[in-house]
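Structure file start07.pdb with PDB, C-alpha atoms:
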```
MODEL        1
ATOM      1  CA  MET A   1     -18.279  -3.479  20.244
ATOM      2  CA  ASP A   2     -18.215   0.277  19.634
ATOM      3  CA  VAL A   3     -14.794   0.631  18.031
ATOM      4  CA  GLN A   4     -14.961   4.413  17.844
ATOM      5  CA  GLY A   5     -15.534   4.543  21.574
ATOM      6  CA  GLU A   6     -12.589   2.248  22.237
ATOM      7  CA  ILE A   7      -9.875   4.272  20.459
ATOM      8  CA  LYS A   8      -7.119   4.808  23.016
ATOM      9  CA  THR A   9      -4.297   7.291  23.529
ATOM     10  CA  THR A  10      -1.015   6.102  22.039
ATOM     11  CA  LYS A  11       2.652   7.069  22.330
ATOM     12  CA  GLY A  12       2.087   9.082  19.161
ATOM     13  CA  ASP A  13      -0.503  11.125  21.032
ATOM     14  CA  MET A  14       2.045  11.789  23.788
ATOM     15  CA  VAL A  15       4.580  13.018  21.234
ATOM     16  CA  HIS A  16       1.878  15.229  19.758
ATOM     17  CA  ALA A  17       1.077  16.679  23.193
ATOM     18  CA  LEU A  18       4.742  17.458  23.820
ATOM     19  CA  THR A  19       5.061  19.076  20.389
ATOM     20  CA  LYS A  20       1.986  21.191  20.952
ATOM     21  CA  GLY A  21       3.299  22.209  24.359
ATOM     22  CA  ALA A  22       6.622  23.248  22.864
ATOM     23  CA  ILE A  23       4.850  25.339  20.234
ATOM     24  CA  ALA A  24       2.652  26.998  22.849
ATOM     25  CA  SER A  25       5.739  28.054  24.803
ATOM     26  CA  ILE A  26       7.007  30.203  21.918
ATOM     27  CA  PRO A  27       6.660  33.875  22.925
ATOM     28  CA  VAL A  28       3.950  35.954  21.210
ATOM     29  CA  LEU A  29       3.121  33.493  18.417
ATOM     30  CA  GLY A  30       2.845  30.443  20.657
ATOM     31  CA  ASN A  31      -0.935  30.416  21.156
ATOM     32  CA  TYR A  32      -1.639  31.120  17.494
ATOM     33  CA  LEU A  33       0.722  28.388  16.320
ATOM     34  CA  SER A  34      -0.717  25.969  18.857
ATOM     35  CA  GLU A  35      -4.229  26.508  17.506
ATOM     36  CA  ALA A  36      -2.960  26.165  13.945
ATOM     37  CA  PHE A  37      -1.224  22.919  14.914
ATOM     38  CA  ASP A  38      -4.533  21.577  16.225
ATOM     39  CA  LEU A  39      -6.355  22.547  13.049
ATOM     40  CA  LEU A  40      -3.741  21.418  10.530
ATOM     41  CA  VAL A  41      -2.256  18.370  12.263
ATOM     42  CA  THR A  42      -4.258  17.064  15.206
ATOM     43  CA  GLN A  43      -7.715  16.840  13.684
ATOM     44  CA  PRO A  44      -6.625  15.273  10.358
ATOM     45  CA  ALA A  45      -4.317  12.839  12.180
ATOM     46  CA  GLU A  46      -7.105  11.722  14.501
ATOM     47  CA  LYS A  47      -9.411  11.255  11.537
ATOM     48  CA  ARG A  48      -6.832   9.094   9.771
ATOM     49  CA  LYS A  49      -6.288   6.983  12.872
ATOM     50  CA  GLU A  50      -9.999   6.416  13.336
ATOM     51  CA  ASN A  51     -10.407   5.609   9.651
ATOM     52  CA  ILE A  52      -7.774   2.858   9.598
ATOM     53  CA  ILE A  53      -9.088   1.363  12.854
ATOM     54  CA  LEU A  54     -12.607   1.260  11.457
ATOM     55  CA  MET A  55     -11.337  -0.336   8.241
ATOM     56  CA  MET A  56      -9.550  -3.012  10.267
ATOM     57  CA  ASP A  57     -12.638  -3.566  12.396
ATOM     58  CA  GLU A  58     -14.797  -4.053   9.299
ATOM     59  CA  ARG A  59     -12.315  -6.588   7.936
ATOM     60  CA  LEU A  60     -12.208  -8.491  11.240
ATOM     61  CA  HIS A  61     -16.000  -8.685  11.208
ATOM     62  CA  ARG A  62     -15.788 -10.313   7.785
ATOM     63  CA  LEU A  63     -13.333 -12.843   9.195
ATOM     64  CA  GLU A  64     -15.912 -13.840  11.806
ATOM     65  CA  ASN A  65     -17.749 -15.691   9.050
ATOM     66  CA  THR A  66     -14.694 -17.814   8.258
ATOM     67  CA  SER A  67     -12.817 -20.578  10.033
ATOM     68  CA  ILE A  68     -10.374 -18.082  11.564
ATOM     69  CA  ASP A  69     -10.352 -17.982  15.371
ATOM     70  CA  LEU A  70     -10.279 -14.256  16.089
ATOM     71  CA  ASN A  71      -9.481 -14.826  19.760
ATOM     72  CA  SER A  72      -6.207 -16.484  18.790
ATOM     73  CA  LEU A  73      -5.107 -13.324  16.979
ATOM     74  CA  ALA A  74      -4.722 -11.573  20.331
ATOM     75  CA  GLU A  75      -1.839 -13.971  21.055
ATOM     76  CA  ASN A  76      -0.365 -13.896  17.554
ATOM     77  CA  GLU A  77       2.773 -11.771  17.880
ATOM     78  CA  LEU A  78       3.277 -11.454  14.124
ATOM     79  CA  PHE A  79      -0.297 -10.253  13.669
ATOM     80  CA  LEU A  80      -0.015  -7.711  16.491
ATOM     81  CA  SER A  81       3.317  -6.375  15.226
ATOM     82  CA  SER A  82       1.933  -6.141  11.704
ATOM     83  CA  VAL A  83      -1.172  -4.263  12.856
ATOM     84  CA  LEU A  84       0.970  -1.724  14.698
ATOM     85  CA  GLN A  85       3.305  -1.281  11.733
ATOM     86  CA  ALA A  86       0.433  -1.010   9.243
ATOM     87  CA  THR A  87      -1.379   1.529  11.427
ATOM     88  CA  GLN A  88       1.702   3.742  11.584
ATOM     89  CA  ILE A  89       2.083   3.545   7.803
ATOM     90  CA  ALA A  90      -1.605   4.325   7.282
ATOM     91  CA  MET A  91      -1.281   7.444   9.421
ATOM     92  CA  ARG A  92       1.272   8.771   6.941
ATOM     93  CA  THR A  93      -0.705   8.357   3.732
ATOM     94  CA  HIS A  94      -3.931   9.508   2.115
ATOM     95  CA  GLN A  95      -3.598   7.278  -0.952
ATOM     96  CA  ASN A  96      -6.452   4.801  -1.090
ATOM     97  CA  ASP A  97      -4.484   2.137  -2.976
ATOM     98  CA  LYS A  98      -1.954   2.027  -0.148
ATOM     99  CA  LEU A  99      -4.661   1.857   2.521
ATOM    100  CA  ILE A 100      -6.334  -1.053   0.753
ATOM    101  CA  ALA A 101      -2.964  -2.794   0.393
ATOM    102  CA  LEU A 102      -2.365  -2.378   4.132
ATOM    103  CA  ILE A 103      -5.776  -3.768   5.086
ATOM    104  CA  ASN A 104      -5.303  -6.718   2.745
ATOM    105  CA  SER A 105      -1.829  -7.373   4.127
ATOM    106  CA  ILE A 106      -3.150  -7.460   7.697
ATOM    107  CA  THR A 107      -5.906  -9.830   6.604
ATOM    108  CA  ASN A 108      -3.372 -12.129   4.977
ATOM    109  CA  VAL A 109      -1.237 -12.161   8.117
ATOM    110  CA  ALA A 110      -4.346 -13.132  10.084
ATOM    111  CA  THR A 111      -5.341 -15.926   7.718
ATOM    112  CA  ASP A 112      -2.038 -17.383   6.484
ATOM    113  CA  ILE A 113       0.058 -19.042   9.200
ATOM    114  CA  SER A 114       2.763 -19.924   6.677
ATOM    115  CA  LEU A 115       3.878 -16.314   6.205
ATOM    116  CA  ASN A 116       7.497 -15.635   7.104
ATOM    117  CA  ASP A 117       7.919 -13.060   9.890
ATOM    118  CA  SER A 118      10.836 -11.232   8.306
ATOM    119  CA  LYS A 119       9.242 -11.216   4.870
ATOM    120  CA  VAL A 120       6.036  -9.728   6.291
ATOM    121  CA  GLN A 121       7.978  -6.877   7.882
ATOM    122  CA  MET A 122       9.903  -6.337   4.647
ATOM    123  CA  PHE A 123       6.745  -6.253   2.533
ATOM    124  CA  LEU A 124       5.092  -3.773   4.901
ATOM    125  CA  SER A 125       8.167  -1.549   4.643
ATOM    126  CA  PHE A 126       7.817  -1.744   0.846
ATOM    127  CA  ILE A 127       4.247  -0.445   1.096
ATOM    128  CA  ASP A 128       5.482   2.362   3.324
ATOM    129  CA  GLY A 129       8.141   3.442   0.831
ATOM    130  CA  PHE A 130       5.982   3.057  -2.269
ATOM    131  CA  ASN A 131       3.364   5.391  -3.680
ATOM    132  CA  GLU A 132       0.194   4.222  -5.404
ATOM    133  CA  TRP A 133       1.917   4.071  -8.800
ATOM    134  CA  HIS A 134       4.418   1.511  -7.560
ATOM    135  CA  LEU A 135       1.496  -0.748  -6.692
ATOM    136  CA  ARG A 136      -0.339  -0.062  -9.952
ATOM    137  CA  LEU A 137       2.662  -0.655 -12.200
ATOM    138  CA  LEU A 138       3.678  -3.819 -10.375
ATOM    139  CA  LEU A 139       0.169  -5.197 -10.820
ATOM    140  CA  PHE A 140       0.156  -4.189 -14.485
ATOM    141  CA  PHE A 141       3.522  -5.777 -15.261
ATOM    142  CA  ASP A 142       2.456  -8.993 -13.570
ATOM    143  CA  ASP A 143       0.000  -9.557 -16.418
ATOM    144  CA  PRO A 144       0.086  -6.838 -19.104
ATOM    145  CA  LYS A 145      -2.014  -8.894 -21.508
ATOM    146  CA  GLY A 146      -4.749  -9.554 -18.959
ATOM    147  CA  SER A 147      -4.709  -5.947 -17.764
ATOM    148  CA  LEU A 148      -5.187  -4.584 -21.281
ATOM    149  CA  GLU A 149      -7.943  -7.030 -22.136
ATOM    150  CA  SER A 150      -9.761  -6.260 -18.872
ATOM    151  CA  LYS A 151     -10.163  -2.701 -20.170
ATOM    152  CA  GLY A 152     -11.194  -3.826 -23.625
ATOM    153  CA  LEU A 153      -7.844  -2.697 -25.058
ATOM    154  CA  SER A 154      -5.887  -4.569 -27.694
ATOM    155  CA  SER A 155      -3.030  -6.748 -26.465
ATOM    156  CA  ASP A 156      -1.877  -7.473 -30.010
ATOM    157  CA  PHE A 157       1.403  -5.704 -30.736
ATOM    158  CA  TYR A 158       3.817  -6.294 -33.601
ATOM    159  CA  MET A 159       7.073  -4.902 -32.223
ATOM    160  CA  GLY A 160       8.118  -2.215 -29.774
ATOM    161  CA  GLY A 161       9.049  -1.598 -26.172
ATOM    162  CA  ALA A 162       7.076  -2.371 -23.026
ATOM    163  CA  SER A 163       5.977   1.266 -23.086
ATOM    164  CA  SER A 164       3.609   0.384 -25.946
ATOM    165  CA  ALA A 165       1.465  -1.688 -23.605
ATOM    166  CA  LEU A 166       1.987   0.451 -20.511
ATOM    167  CA  TYR A 167       1.012   3.754 -22.128
ATOM    168  CA  SER A 168      -1.957   2.132 -23.798
ATOM    169  CA  TYR A 169      -3.216   1.109 -20.356
ATOM    170  CA  TYR A 170      -2.076   4.262 -18.541
ATOM    171  CA  PRO A 171      -2.010   7.055 -21.170
ATOM    172  CA  GLU A 172      -1.558   9.643 -18.413
ATOM    173  CA  LEU A 173       1.987   8.351 -17.887
ATOM    174  CA  LYS A 174       3.112   9.345 -21.392
ATOM    175  CA  SER A 175       3.912  12.834 -20.159
ATOM    176  CA  GLU A 176       5.567  11.507 -16.979
ATOM    177  CA  GLU A 177       8.404   9.467 -18.462
ATOM    178  CA  GLU A 178      11.035  10.304 -15.835
ATOM    179  CA  PHE A 179       8.611   9.560 -13.014
ATOM    180  CA  THR A 180       7.557   6.288 -14.645
ATOM    181  CA  ARG A 181      11.151   5.201 -15.148
ATOM    182  CA  GLN A 182      11.952   5.948 -11.505
ATOM    183  CA  VAL A 183       8.995   3.887 -10.285
ATOM    184  CA  ILE A 184      10.010   0.929 -12.454
ATOM    185  CA  ASN A 185      13.622   1.195 -11.295
ATOM    186  CA  ASP A 186      12.431   1.245  -7.678
ATOM    187  CA  LEU A 187      10.477  -1.965  -8.231
ATOM    188  CA  HIS A 188      13.445  -3.569  -9.973
ATOM    189  CA  HIS A 189      15.803  -2.490  -7.182
ATOM    190  CA  ARG A 190      13.481  -4.125  -4.632
ATOM    191  CA  GLY A 191      13.643  -7.354  -6.624
ATOM    192  CA  LEU A 192       9.969  -7.253  -7.605
ATOM    193  CA  LEU A 193      10.465  -6.750 -11.367
ATOM    194  CA  ASN A 194      12.974  -8.645 -13.481
ATOM    195  CA  SER A 195      13.671  -5.617 -15.699
ATOM    196  CA  ASP A 196      14.638  -2.024 -15.044
ATOM    197  CA  ALA A 197      13.218   1.010 -16.851
ATOM    198  CA  GLY A 198      15.256   0.207 -19.941
ATOM    199  CA  VAL A 199      12.552  -2.295 -20.867
ATOM    200  CA  LEU A 200      10.272   0.590 -21.809
ATOM    201  CA  ASN A 201      12.275   1.304 -24.959
ATOM    202  CA  THR A 202      13.907  -2.061 -25.643
ATOM    203  CA  MET A 203      12.712  -3.409 -28.992
ATOM    204  CA  MET A 204      10.956  -6.775 -28.674
ATOM    205  CA  THR A 205       8.290  -8.917 -30.279
ATOM    206  CA  GLY A 206       4.594  -8.522 -29.592
ATOM    207  CA  SER A 207       4.576 -11.452 -27.171
ATOM    208  CA  GLY A 208       7.517  -9.933 -25.316
ATOM    209  CA  ILE A 209       5.692  -6.628 -24.912
ATOM    210  CA  VAL A 210       2.869  -8.277 -22.958
ATOM    211  CA  ALA A 211       4.994 -10.840 -21.095
ATOM    212  CA  SER A 212       4.884 -10.908 -17.290
ATOM    213  CA  ARG A 213       7.847  -9.114 -15.709
ATOM    214  CA  THR A 214       7.295  -9.800 -12.028
ATOM    215  CA  THR A 215       9.804 -11.930 -10.162
ATOM    216  CA  ARG A 216       8.844 -14.629  -7.686
ATOM    217  CA  ALA A 217       9.186 -12.047  -4.919
ATOM    218  CA  GLY A 218       7.014  -9.664  -6.921
ATOM    219  CA  LYS A 219       4.253 -12.240  -7.188
ATOM    220  CA  GLU A 220       4.526 -12.990  -3.463
ATOM    221  CA  PHE A 221       4.242  -9.290  -2.679
ATOM    222  CA  LEU A 222       1.172  -8.912  -4.898
ATOM    223  CA  HIS A 223      -0.409 -11.894  -3.169
ATOM    224  CA  PHE A 224       0.396 -10.302   0.187
ATOM    225  CA  ILE A 225      -1.406  -7.044  -0.669
ATOM    226  CA  SER A 226      -4.382  -8.677  -2.406
ATOM    227  CA  GLU A 227      -7.671  -9.548  -0.743
ATOM    228  CA  PRO A 228      -7.532 -13.217   0.289
ATOM    229  CA  ASP A 229      -9.933 -15.650  -1.357
ATOM    230  CA  LEU A 230     -11.190 -16.608   2.098
ATOM    231  CA  ILE A 231     -13.273 -13.432   2.419
ATOM    232  CA  LYS A 232     -14.202 -12.741  -1.203
TER
ENDMDL
END
```
If you took the structure in this file and wrote it as structure tokens, what would it be?
Amino acid sequence: MDVQGEIKTTKGDMVHALTKGAIASIPVLGNYLSEAFDLLVTQPAEKRKENIILMMDERLHRLENTSIDLNSLAENELFLSSVLQATQIAMRTHQNDKLIALINSITNVATDISLNDSKVQMFLSFIDGFNEWHLRLLLFFDDPKGSLESKGLSSDFYMGGASSALYSYYPELKSEEEFTRQVINDLHHRGLLNSDAGVLNTMMTGSGIVASRTTRAGKEFLHFISEPDLIK
């Protein structure tokens, strides 16, 4: 199937048309603003929509080689709702980490019938509200020791705060302390980390510095946004 040729007009397109029409009706500047709207909003938005649809199509093709019955997905209300929600989120971001998380989440909804409807919607809303650093820090704090060693960095600390490990792995965050603390507090507030930003400077042993800090919900969320083993 030619997916690019099958992209249809949506309610979002209707809103766009009404917005463009309203701009065009403005005296004197209307035509200029309408053209600018096309250039700055319409074309990039269409490109984003096509991109996420093509990414989903590629993932569905990979599922064809598994035991998943793709025809049944057309009658799976949770899957359809999740696709619509994920597509809307994808239209509002350019961050690749978030796009990958969305594609993986849709794949997991398609392949895991045990997923809870309400939890799926909640996790998708988390992705929407997070930026790429929320996802990166949550993954790091799930296994600081493994993350460091995967980069060939030492995971052997004597004493210090969790910042010792974090800044070793992400040195670019050293100059962004307030931002980093806010991201960690966001994750803690969502119940995904068991510590708030105070853990960065709390004195602890070396084993404490590299201990996992994700909650059960945090691990479930990471599983939800990770590529399922079925298609690896």
For this session: Using only C-alpha atoms, find the one residue out of A:Thr93, A:Ser67, A:Ser154, A:Ser168 that sits nearest to Gly129 (chain A).
Result: A:Thr93
Exercise. What residues have an atom no more than 7 Å from (1.0, -7.6, 0.3) in the file's own frame, counting all atoms listed in the file, and can you write them as number ranges by chain?
Worked result: A: 101, 104-105, 123, 221-226
Problem set entry | Residue nearest Leu187 (chain A) - candidates A:Asn71, A:Thr215, A:Gln88, A:Ser207, atoms counted: only C-alpha atoms |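 Of all the options, A:Thr215 lies closest to Leu187 (chain A).
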Problem set entry | Which residue of A:Leu115, A:Leu78, A:Ile106, A:Ile100 approaches Leu63 (chain A) most closely, using all atoms listed in the file |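 The closest residue to Leu63 (chain A) is A:Ile106.
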Exercise. Just so the selection is clear, what residues does the PyMOL selection byres ((chain A and resi 204) around 7) cover here, as a PyMOL selection string?
Worked result: chain A and resi 159-161+202-203+205-206+208-209
Since we have the selection now, will you write its residues out, keeping C-alpha atoms, as a short mmCIF file (atom, residue, chain, number, x, y, z; two decimals), in the frame of the given file?
```cif
data_model
loop_
_atom_site.label_atom_id
_atom_site.label_comp_id
_atom_site.auth_asym_id
_atom_site.auth_seq_id
_atom_site.Cartn_x
_atom_site.Cartn_y
_atom_site.Cartn_z
CA MET A 159 7.07 -4.90 -32.22
CA GLY A 160 8.12 -2.22 -29.77
CA GLY A 161 9.05 -1.60 -26.17
CA THR A 202 13.91 -2.06 -25.64
CA MET A 203 12.71 -3.41 -28.99
CA THR A 205 8.29 -8.92 -30.28
CA GLY A 206 4.59 -8.52 -29.59
CA GLY A 208 7.52 -9.93 -25.32
CA ILE A 209 5.69 -6.63 -24.91
#
```
Problem set entry | Non-local contacts of Leu193 (chain A) (9 Å; only C-alpha atoms; under 6 positions in same chain excluded) as a VMD selection string | chain A and resid 138 141 to 142 184 to 185 187 213 to 218
Exercise. Which of these residues is nearest to Gly152 (chain A), using all atoms listed in the file: A:Asp229, A:Tyr169, A:Val120, A:Thr111?
Worked result: A:Tyr169
